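Chemist: Structure incoming, see below.
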Amino acid sequence: DFEIAQSMNYYDNKESIFIDIGANCGVMSIPVSKNGYICYSFEPVLENIESLELSKKYNNIGNNLNIEKFALFDNVLTGYIYIPDVYSDNSSLSLIASNTNIKTTNIITRVCQCITFDDWILSKNIIVENIKLIKIDVQGGEFNIINGMKSFLNSSNNLMIIYEYDIKLTKNFGHDISDVSSMLELLHFTELTKKTLQPYDKYVVPLCNILPGNKIFWKGNSIKKINMVILTFVIL
């Protein structure tokens with residue numbers, strides 16, 4: 001699989017941008033940026049930020065990896081993030097969601113700055129057409145994050161969104177998984193399934209099988225235009 005990913009990297013446009021929302025310690029951000037792509041990693045938890053920074057330095061990644069030290073939401077606010085002790089990968093902007101799967105009595109509460117993706121992108125000198133993949137893993141808050149990037153998504157093209165979901169966690173934010181799907185469909189995204197991908201590249205079809213607990217949406221002129229950085233991300 002790694003050799004396949006490397007061959008894909010060779011042919012892909014290295015100006016492609018990967019947006020990693022809920023980057024944690026950089027499991028996805030580090031290999032993608034090390035392979036030459038530009039990556040913006042959104043991570044509000046101090047412990048995870050420190051791990052990201054160490055990995056960036058150790059791997060000599062340089063300017064390809066940009067660590068954004070705040071949370072994304074659907075409005076600008078100063079809120080709280082809840083961090084289960086020793087399980088910072090389960091941190092959430094919802095107290096209930098942070099403890100749904102861990103069941104610990106020790107939850108750390110910290111002040112957290114939140115902005116919308118639409119506000120963030122306006123503050124950056126980024127060629128938005130180069131954003132090819134957005135990955136979201138935010139312990140139930142995916143509806144709010146996507147709601148805060150509707151302006152960007154509405155004007156985007158040839159873009160894939162992969163988001164991890166947990167029905168219980170999403171409900172803790174007052175939404176259902178179908179709410180997320182409906183919003184993306186209104187923005188002209190199509191959910192990718194084994195059925196929709198079957199006519200295309202043999203390396204694309206396994207996307208539907210190797211990402212359990214994830215949904216994949218695509219917006220573009222043709223599914224065949226899926227950028228190889230997407231496949232690199234998934235396979236790595």
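Order determines the names: the first chain of the structure tokens is A, the second B, and so forth; residues in each chain are numbered 1 upward, and ligands are numbered 1 upward as they are shown.
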List the neighbours of Asn157 in chain A out to 10 Å using only C-alpha atoms; skip same-chain residues closer than 4 positions along the sequence, and give me the result as a list in words.
Modeler: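 Here the answer would be Val128, Glu129, Asn130, Ile131, Lys132, Phe152, Leu153, His188, Phe189, Trp218, Lys219, Gly220 and Asn221 of chain A.
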Chemist: Sort by chain and increasing residue number a table of all residues of range 72-119 of chain A within 10 Å of range 38-44 of chain A, each with its closest pair of atoms and their distance in Å to one decimal, counting only C-alpha atoms, and write it as CSV.
Modeler:
residue,atom,partner,partner_atom,distance
A:Leu72,CA,A:Phe42,CA,7.6
A:Ile81,CA,A:Pro44,CA,8.2
A:Ser91,CA,A:Pro44,CA,9.3
A:Ser92,CA,A:Pro44,CA,9.8
A:Arg110,CA,A:Pro44,CA,9.9
A:Val111,CA,A:Pro44,CA,9.7
A:Cys112,CA,A:Pro44,CA,6.9
A:Gln113,CA,A:Pro44,CA,8.0
A:Cys114,CA,A:Pro44,CA,8.9
Chemist: Next, the residues of the selection above should be written as a JSON list (two decimals), in the first residue's frame with all heavy atoms.
Modeler:
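Saved as result_5.json:
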[["chain", "number", "residue", "atom", "x", "y", "z"],
["A", 72, "LEU", "N", -12.52, 24.96, 14.89],
["A", 72, "LEU", "CA", -13.49, 25.46, 13.92],
["A", 72, "LEU", "C", -14.90, 25.14, 14.39],
["A", 72, "LEU", "O", -15.14, 24.08, 15.00],
["A", 72, "LEU", "CB", -13.25, 24.83, 12.55],
["A", 72, "LEU", "CG", -11.95, 25.23, 11.84],
["A", 72, "LEU", "CD1", -11.81, 24.46, 10.53],
["A", 72, "LEU", "CD2", -11.90, 26.73, 11.58],
["A", 81, "ILE", "N", -13.28, 23.61, 25.67],
["A", 81, "ILE", "CA", -13.04, 22.28, 25.14],
["A", 81, "ILE", "C", -12.80, 21.35, 26.31],
["A", 81, "ILE", "O", -12.18, 21.72, 27.31],
["A", 81, "ILE", "CB", -11.84, 22.26, 24.15],
["A", 81, "ILE", "CG1", -11.80, 20.92, 23.42],
["A", 81, "ILE", "CG2", -10.51, 22.56, 24.83],
["A", 81, "ILE", "CD1", -10.98, 20.93, 22.16],
["A", 91, "SER", "N", -11.11, 14.57, 22.82],
["A", 91, "SER", "CA", -11.51, 15.91, 23.24],
["A", 91, "SER", "C", -12.65, 16.42, 22.36],
["A", 91, "SER", "O", -12.73, 16.11, 21.18],
["A", 91, "SER", "CB", -10.32, 16.86, 23.16],
["A", 91, "SER", "OG", -9.25, 16.41, 23.96],
["A", 92, "SER", "N", -13.51, 17.23, 22.96],
["A", 92, "SER", "CA", -14.68, 17.71, 22.23],
["A", 92, "SER", "C", -15.14, 19.06, 22.78],
["A", 92, "SER", "O", -14.88, 19.39, 23.95],
["A", 92, "SER", "CB", -15.82, 16.70, 22.33],
["A", 92, "SER", "OG", -16.99, 17.16, 21.69],
["A", 110, "ARG", "N", -10.83, 23.54, 29.35],
["A", 110, "ARG", "CA", -9.99, 24.68, 28.99],
["A", 110, "ARG", "C", -10.76, 25.63, 28.08],
["A", 110, "ARG", "O", -11.64, 25.21, 27.32],
["A", 110, "ARG", "CB", -8.73, 24.21, 28.25],
["A", 110, "ARG", "CG", -7.76, 23.42, 29.11],
["A", 110, "ARG", "CD", -6.46, 23.17, 28.38],
["A", 110, "ARG", "NE", -5.61, 22.27, 29.14],
["A", 110, "ARG", "CZ", -4.89, 21.30, 28.61],
["A", 110, "ARG", "NH1", -4.91, 21.11, 27.30],
["A", 110, "ARG", "NH2", -4.14, 20.53, 29.36],
["A", 111, "VAL", "N", -10.40, 26.90, 28.14],
["A", 111, "VAL", "CA", -10.96, 27.90, 27.24],
["A", 111, "VAL", "C", -10.47, 27.59, 25.82],
["A", 111, "VAL", "O", -9.32, 27.19, 25.61],
["A", 111, "VAL", "CB", -10.54, 29.32, 27.66],
["A", 111, "VAL", "CG1", -10.96, 30.34, 26.61],
["A", 111, "VAL", "CG2", -11.13, 29.67, 29.02],
["A", 112, "CYS", "N", -11.36, 27.75, 24.85],
["A", 112, "CYS", "CA", -11.03, 27.41, 23.47],
["A", 112, "CYS", "C", -11.58, 28.47, 22.53],
["A", 112, "CYS", "O", -12.76, 28.83, 22.58],
["A", 112, "CYS", "CB", -11.63, 26.04, 23.11],
["A", 112, "CYS", "SG", -11.30, 25.50, 21.43],
["A", 113, "GLN", "N", -10.71, 29.00, 21.66],
["A", 113, "GLN", "CA", -11.13, 29.98, 20.67],
["A", 113, "GLN", "C", -11.67, 29.24, 19.44],
["A", 113, "GLN", "O", -11.05, 28.31, 18.93],
["A", 113, "GLN", "CB", -9.95, 30.86, 20.25],
["A", 113, "GLN", "CG", -9.36, 31.66, 21.40],
["A", 113, "GLN", "CD", -10.38, 32.62, 22.01],
["A", 113, "GLN", "OE1", -11.16, 33.25, 21.30],
["A", 113, "GLN", "NE2", -10.37, 32.73, 23.33],
["A", 114, "CYS", "N", -12.85, 29.65, 18.98],
["A", 114, "CYS", "CA", -13.48, 29.04, 17.82],
["A", 114, "CYS", "C", -13.75, 30.09, 16.75],
["A", 114, "CYS", "O", -14.18, 31.21, 17.07],
["A", 114, "CYS", "CB", -14.81, 28.39, 18.21],
["A", 114, "CYS", "SG", -14.71, 27.15, 19.52]]
Chemist: Residues near Met149 in chain A, anyone? I mean within 8 Å using only C-alpha atoms, not counting same-chain ones fewer than 3 positions away, as a PyMOL selection string.
Modeler: chain A and resi 74+116-118+145-146+152-153
Chemist: Would you mind writing down, as a VMD selection string, each residue of range 16-116 of chain A that DSSP on the backbone assigns to helix (DSSP H, G or I)?
Modeler: chain A and resid 29 to 34 46 to 58 62 to 64 88 to 90 95 to 100
Chemist: Show me, as CSV, the residues of range 3-68 of chain A having an atom within 12 Å of range 123-126 of chain A, each with the closest atom pair and its distance in Å, using only C-alpha atoms.
Modeler:
residue,atom,partner,partner_atom,distance
A:Glu15,CA,A:Ile126,CA,10.8
A:Ser16,CA,A:Ile126,CA,11.0
A:Ile17,CA,A:Ile126,CA,9.2
A:Phe18,CA,A:Ile126,CA,11.9
A:Ile19,CA,A:Ile126,CA,11.8
A:Ile38,CA,A:Ile126,CA,10.6
A:Cys39,CA,A:Ile126,CA,11.5
A:Tyr40,CA,A:Ile126,CA,10.7
A:Asn66,CA,A:Lys124,CA,11.7
A:Glu68,CA,A:Lys124,CA,11.6
Chemist: Run DSSP on the backbone of this structure and report the residues of range 28-218 of chain A it assigns to strand (DSSP E), as number ranges by chain.
Modeler: A: 38-42, 65-68, 71-72, 77-84, 107-115, 131-136, 159-164, 190-191, 214-218
Chemist: Could you write out that same residue set with N, CA and C atoms as a short mmCIF file (atom, residue, chain, number, x, y, z; two decimals), in the first residue's frame?
Modeler:
data_model
loop_
_atom_site.label_atom_id
_atom_site.label_comp_id
_atom_site.auth_asym_id
_atom_site.auth_seq_id
_atom_site.Cartn_x
_atom_site.Cartn_y
_atom_site.Cartn_z
N ILE A 38 0.86 20.60 0.72
CA ILE A 38 0.61 21.64 1.71
C ILE A 38 -0.53 21.19 2.60
N CYS A 39 -0.35 21.33 3.90
CA CYS A 39 -1.35 20.85 4.85
C CYS A 39 -1.62 21.92 5.90
N TYR A 40 -2.90 22.16 6.17
CA TYR A 40 -3.31 23.04 7.27
C TYR A 40 -4.01 22.16 8.30
N SER A 41 -3.41 22.08 9.49
CA SER A 41 -3.90 21.20 10.54
C SER A 41 -4.55 22.02 11.64
N PHE A 42 -5.83 21.81 11.86
CA PHE A 42 -6.57 22.51 12.90
C PHE A 42 -6.62 21.63 14.15
N LEU A 65 3.65 22.05 6.46
CA LEU A 65 2.68 21.81 7.51
C LEU A 65 2.43 23.08 8.31
N ASN A 66 1.19 23.54 8.30
CA ASN A 66 0.79 24.75 9.01
C ASN A 66 -0.18 24.37 10.12
N ILE A 67 0.21 24.60 11.35
CA ILE A 67 -0.61 24.20 12.51
C ILE A 67 -1.46 25.39 12.96
N GLU A 68 -2.78 25.22 12.87
CA GLU A 68 -3.73 26.26 13.27
C GLU A 68 -4.25 25.89 14.67
N ALA A 71 -10.07 25.96 17.31
CA ALA A 71 -11.12 25.07 16.83
C ALA A 71 -11.97 25.75 15.78
N LEU A 72 -12.52 24.96 14.89
CA LEU A 72 -13.49 25.46 13.92
C LEU A 72 -14.90 25.14 14.39
N LEU A 77 -16.53 32.40 18.59
CA LEU A 77 -16.82 32.48 20.02
C LEU A 77 -15.63 32.01 20.84
N THR A 78 -15.67 32.36 22.10
CA THR A 78 -14.73 31.81 23.09
C THR A 78 -15.52 30.82 23.92
N GLY A 79 -15.22 29.56 23.74
CA GLY A 79 -15.96 28.51 24.43
C GLY A 79 -15.05 27.66 25.28
N TYR A 80 -15.44 26.42 25.45
CA TYR A 80 -14.64 25.50 26.25
C TYR A 80 -14.44 24.20 25.47
N ILE A 81 -13.28 23.61 25.67
CA ILE A 81 -13.04 22.28 25.14
C ILE A 81 -12.80 21.35 26.31
N TYR A 82 -13.33 20.14 26.19
CA TYR A 82 -13.30 19.17 27.28
C TYR A 82 -12.40 18.01 26.89
N ILE A 83 -11.41 17.77 27.73
CA ILE A 83 -10.34 16.82 27.40
C ILE A 83 -10.31 15.69 28.43
N PRO A 84 -10.68 14.47 28.03
CA PRO A 84 -10.56 13.34 28.96
C PRO A 84 -9.10 13.09 29.32
N ILE A 107 -12.16 14.97 33.65
CA ILE A 107 -12.26 15.74 32.41
C ILE A 107 -11.62 17.11 32.65
N ILE A 108 -10.65 17.45 31.82
CA ILE A 108 -9.99 18.76 31.90
C ILE A 108 -10.78 19.75 31.05
N THR A 109 -11.09 20.91 31.62
CA THR A 109 -11.83 21.95 30.89
C THR A 109 -10.91 23.13 30.63
N ARG A 110 -10.83 23.54 29.35
CA ARG A 110 -9.99 24.68 28.99
C ARG A 110 -10.76 25.63 28.08
N VAL A 111 -10.40 26.90 28.14
CA VAL A 111 -10.96 27.90 27.24
C VAL A 111 -10.47 27.59 25.82
N CYS A 112 -11.36 27.75 24.85
CA CYS A 112 -11.03 27.41 23.47
C CYS A 112 -11.58 28.47 22.53
N GLN A 113 -10.71 29.00 21.66
CA GLN A 113 -11.13 29.98 20.67
C GLN A 113 -11.67 29.24 19.44
N CYS A 114 -12.85 29.65 18.98
CA CYS A 114 -13.48 29.04 17.82
C CYS A 114 -13.75 30.09 16.75
N ILE A 115 -13.51 29.72 15.49
CA ILE A 115 -13.89 30.58 14.37
C ILE A 115 -14.49 29.69 13.29
N ILE A 131 -7.37 23.50 -2.82
CA ILE A 131 -7.85 22.66 -1.71
C ILE A 131 -8.60 21.48 -2.32
N LYS A 132 -8.04 20.28 -2.16
CA LYS A 132 -8.59 19.10 -2.81
C LYS A 132 -9.21 18.11 -1.83
N LEU A 133 -8.82 18.19 -0.57
CA LEU A 133 -9.31 17.23 0.41
C LEU A 133 -9.49 17.89 1.77
N ILE A 134 -10.64 17.65 2.39
CA ILE A 134 -10.90 18.09 3.75
C ILE A 134 -11.26 16.86 4.57
N LYS A 135 -10.50 16.63 5.61
CA LYS A 135 -10.80 15.53 6.54
C LYS A 135 -11.29 16.13 7.86
N ILE A 136 -12.38 15.58 8.39
CA ILE A 136 -12.97 16.10 9.63
C ILE A 136 -13.13 14.96 10.62
N LEU A 159 -13.51 18.65 -5.15
CA LEU A 159 -13.16 18.62 -3.73
C LEU A 159 -13.78 17.40 -3.07
N MET A 160 -13.01 16.75 -2.22
CA MET A 160 -13.52 15.62 -1.45
C MET A 160 -13.53 15.97 0.04
N ILE A 161 -14.58 15.53 0.71
CA ILE A 161 -14.68 15.65 2.17
C ILE A 161 -14.81 14.25 2.75
N ILE A 162 -13.95 13.93 3.68
CA ILE A 162 -14.03 12.67 4.42
C ILE A 162 -14.25 13.02 5.89
N TYR A 163 -15.35 12.57 6.47
CA TYR A 163 -15.55 12.86 7.89
C TYR A 163 -15.88 11.59 8.66
N GLU A 164 -15.27 11.51 9.83
CA GLU A 164 -15.54 10.39 10.73
C GLU A 164 -16.80 10.70 11.52
N THR A 190 -21.84 14.74 -3.64
CA THR A 190 -22.39 13.40 -3.80
C THR A 190 -21.66 12.44 -2.88
N GLU A 191 -22.43 11.62 -2.16
CA GLU A 191 -21.77 10.63 -1.30
C GLU A 191 -21.17 9.53 -2.16
N ASN A 214 -16.67 6.22 8.48
CA ASN A 214 -16.43 7.46 7.77
C ASN A 214 -17.41 7.59 6.61
N LYS A 215 -17.72 8.82 6.26
CA LYS A 215 -18.49 9.10 5.06
C LYS A 215 -17.63 9.94 4.13
N ILE A 216 -17.79 9.69 2.83
CA ILE A 216 -16.97 10.35 1.82
C ILE A 216 -17.88 11.06 0.84
N PHE A 217 -17.66 12.35 0.66
CA PHE A 217 -18.45 13.14 -0.28
C PHE A 217 -17.54 13.81 -1.30
N TRP A 218 -18.06 13.92 -2.52
CA TRP A 218 -17.28 14.46 -3.62
C TRP A 218 -18.10 15.49 -4.39
#
Chemist: Could you name the residues that touch Lys171 in chain A at 9 Å or less, counting only C-alpha atoms, but leaving out those on the same chain fewer than 6 positions away, as a PyMOL selection string?
Modeler: chain A and resi 97+140+177
Chemist: Could you write out that same residue set with C-alpha atoms as a short mmCIF file (atom, residue, chain, number, x, y, z; two decimals), in the first residue's frame?
Modeler:
data_model
loop_
_atom_site.label_atom_id
_atom_site.label_comp_id
_atom_site.auth_asym_id
_atom_site.auth_seq_id
_atom_site.Cartn_x
_atom_site.Cartn_y
_atom_site.Cartn_z
CA ALA A 97 -19.43 13.91 23.79
CA GLY A 140 -19.53 14.85 16.92
CA ILE A 177 -25.86 11.98 10.60
#
Chemist: Calculated over only C-alpha atoms, which of the candidates A:Tyr37, A:Lys168, A:Leu187, A:Ile21 has the smallest distance to Ile96 in chain A?
Modeler: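 Of the candidates, the smallest distance to Ile96 in chain A is held by A:Lys168.
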